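K.L.:
Next up is a structure, given as structure tokens.
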Amino acid sequence: MVTKQRSLPRVVNIDDLLALAKRRLPKAVFDYLDGGAEQEVTLRQNCEAFKQVTFRPRQAVSVGPCELNTRVLEADLAFPAMLAPIGYSRLMHPGGEVACCSRC
């Protein structure tokens, strides 16, 4: 499968990405990804808790060598990130979970 390369407009923060997604995605897909379950109580609480955190990025700070390799369920992973099957993933990409995993 050949993927078309797109250049992103200037994106500085999550709100910029949210606005971009809202413009590009069908409404039903955006609402599914952006929303929460039922009355969205947990979503609101998580957003409020996140507002209490201040990130202070420090670029060009030596942290020494990093080793990200790990082992999960008898499989060696070079990067400790996993994608759980979430259902409806084909709303985001025609290949669903398979397309996400094929890049690993």
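Following the order of the structure tokens, first chain is A, next is B, and so on, with residues numbered from 1 inside each chain and ligands from 1 in the order they appear.
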I'd like to know which residues of region 10-44 of chain A are alpha helix (DSSP H) (by DSSP, run on the backbone); could you write them as a ChimeraX atom specification?

P.N.:
/A:14-24,27-34,41-44

K.L.:
Compile the contact shell of Pro9 (chain A) as a PyMOL selection string: residues with an atom at most 9 Å away, counting only C-alpha atoms, same-chain residues fewer than 2 positions apart removed.

P.N.:
chain A and resi 7+11+20

K.L.:
Store the residues picked out above in a file with C-alpha atoms, as a PDB file, in the first residue's frame.

P.N.:
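Writing the result to selection27.pdb gives the following:
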```
ATOM      1  CA  SER A   7       2.685  18.174   5.248  1.00  0.00           C
ATOM      2  CA  VAL A  11       0.980  22.735  14.886  1.00  0.00           C
ATOM      3  CA  LEU A  20      -7.003  20.129  12.438  1.00  0.00           C
TER       4      LEU A  20
END
```

K.L.:
Separation of CA of Ile14 (chain A) and CA of Ile86 (chain A), in Å?

P.N.:
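So the answer is 21.7 Å.
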
K.L.:
Show me, as a list of chain:residue names, the residues that have an atom within 10 Å of Phe30 (chain A) when counting only C-alpha atoms, minus same-chain residues fewer than 6 positions from it.

P.N.:
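The filter keeps A:Leu18, A:Ala21, A:Lys22, A:Arg23, A:Arg24, A:Leu91, A:Met92.
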
K.L.:
For region 77-81 of chain A, work out the shell of residues within 9 Å, counting only C-alpha atoms and skipping chain neighbours fewer than 3 positions away, then give it as a ChimeraX atom specification.

P.N.:
/A:67-72

K.L.:
Could you pull out all residues of region 2-76 of chain A with a DSSP call of strand (DSSP E or B) and give them as a compact mmCIF listing (two decimals) with N, CA, C and O atoms, in the first residue's frame?

P.N.:
```txt
# COMPACT_ATOMS: atom_id res chain seq x y z
N THR A 70 12.38 -4.00 25.91
CA THR A 70 11.73 -4.71 27.01
C THR A 70 11.14 -5.99 26.46
O THR A 70 11.12 -6.22 25.26
N ARG A 71 10.65 -6.83 27.32
CA ARG A 71 10.05 -8.10 26.91
C ARG A 71 8.63 -8.15 27.46
O ARG A 71 8.40 -7.97 28.65
N VAL A 72 7.66 -8.41 26.58
CA VAL A 72 6.25 -8.51 26.97
C VAL A 72 5.68 -9.79 26.37
O VAL A 72 5.77 -10.01 25.15
N ALA A 75 7.80 -11.70 24.03
CA ALA A 75 8.18 -11.02 22.79
C ALA A 75 9.08 -9.85 23.14
O ALA A 75 8.79 -9.08 24.06
N ASP A 76 10.17 -9.72 22.41
CA ASP A 76 11.07 -8.60 22.62
C ASP A 76 10.54 -7.37 21.88
O ASP A 76 10.17 -7.46 20.70
```
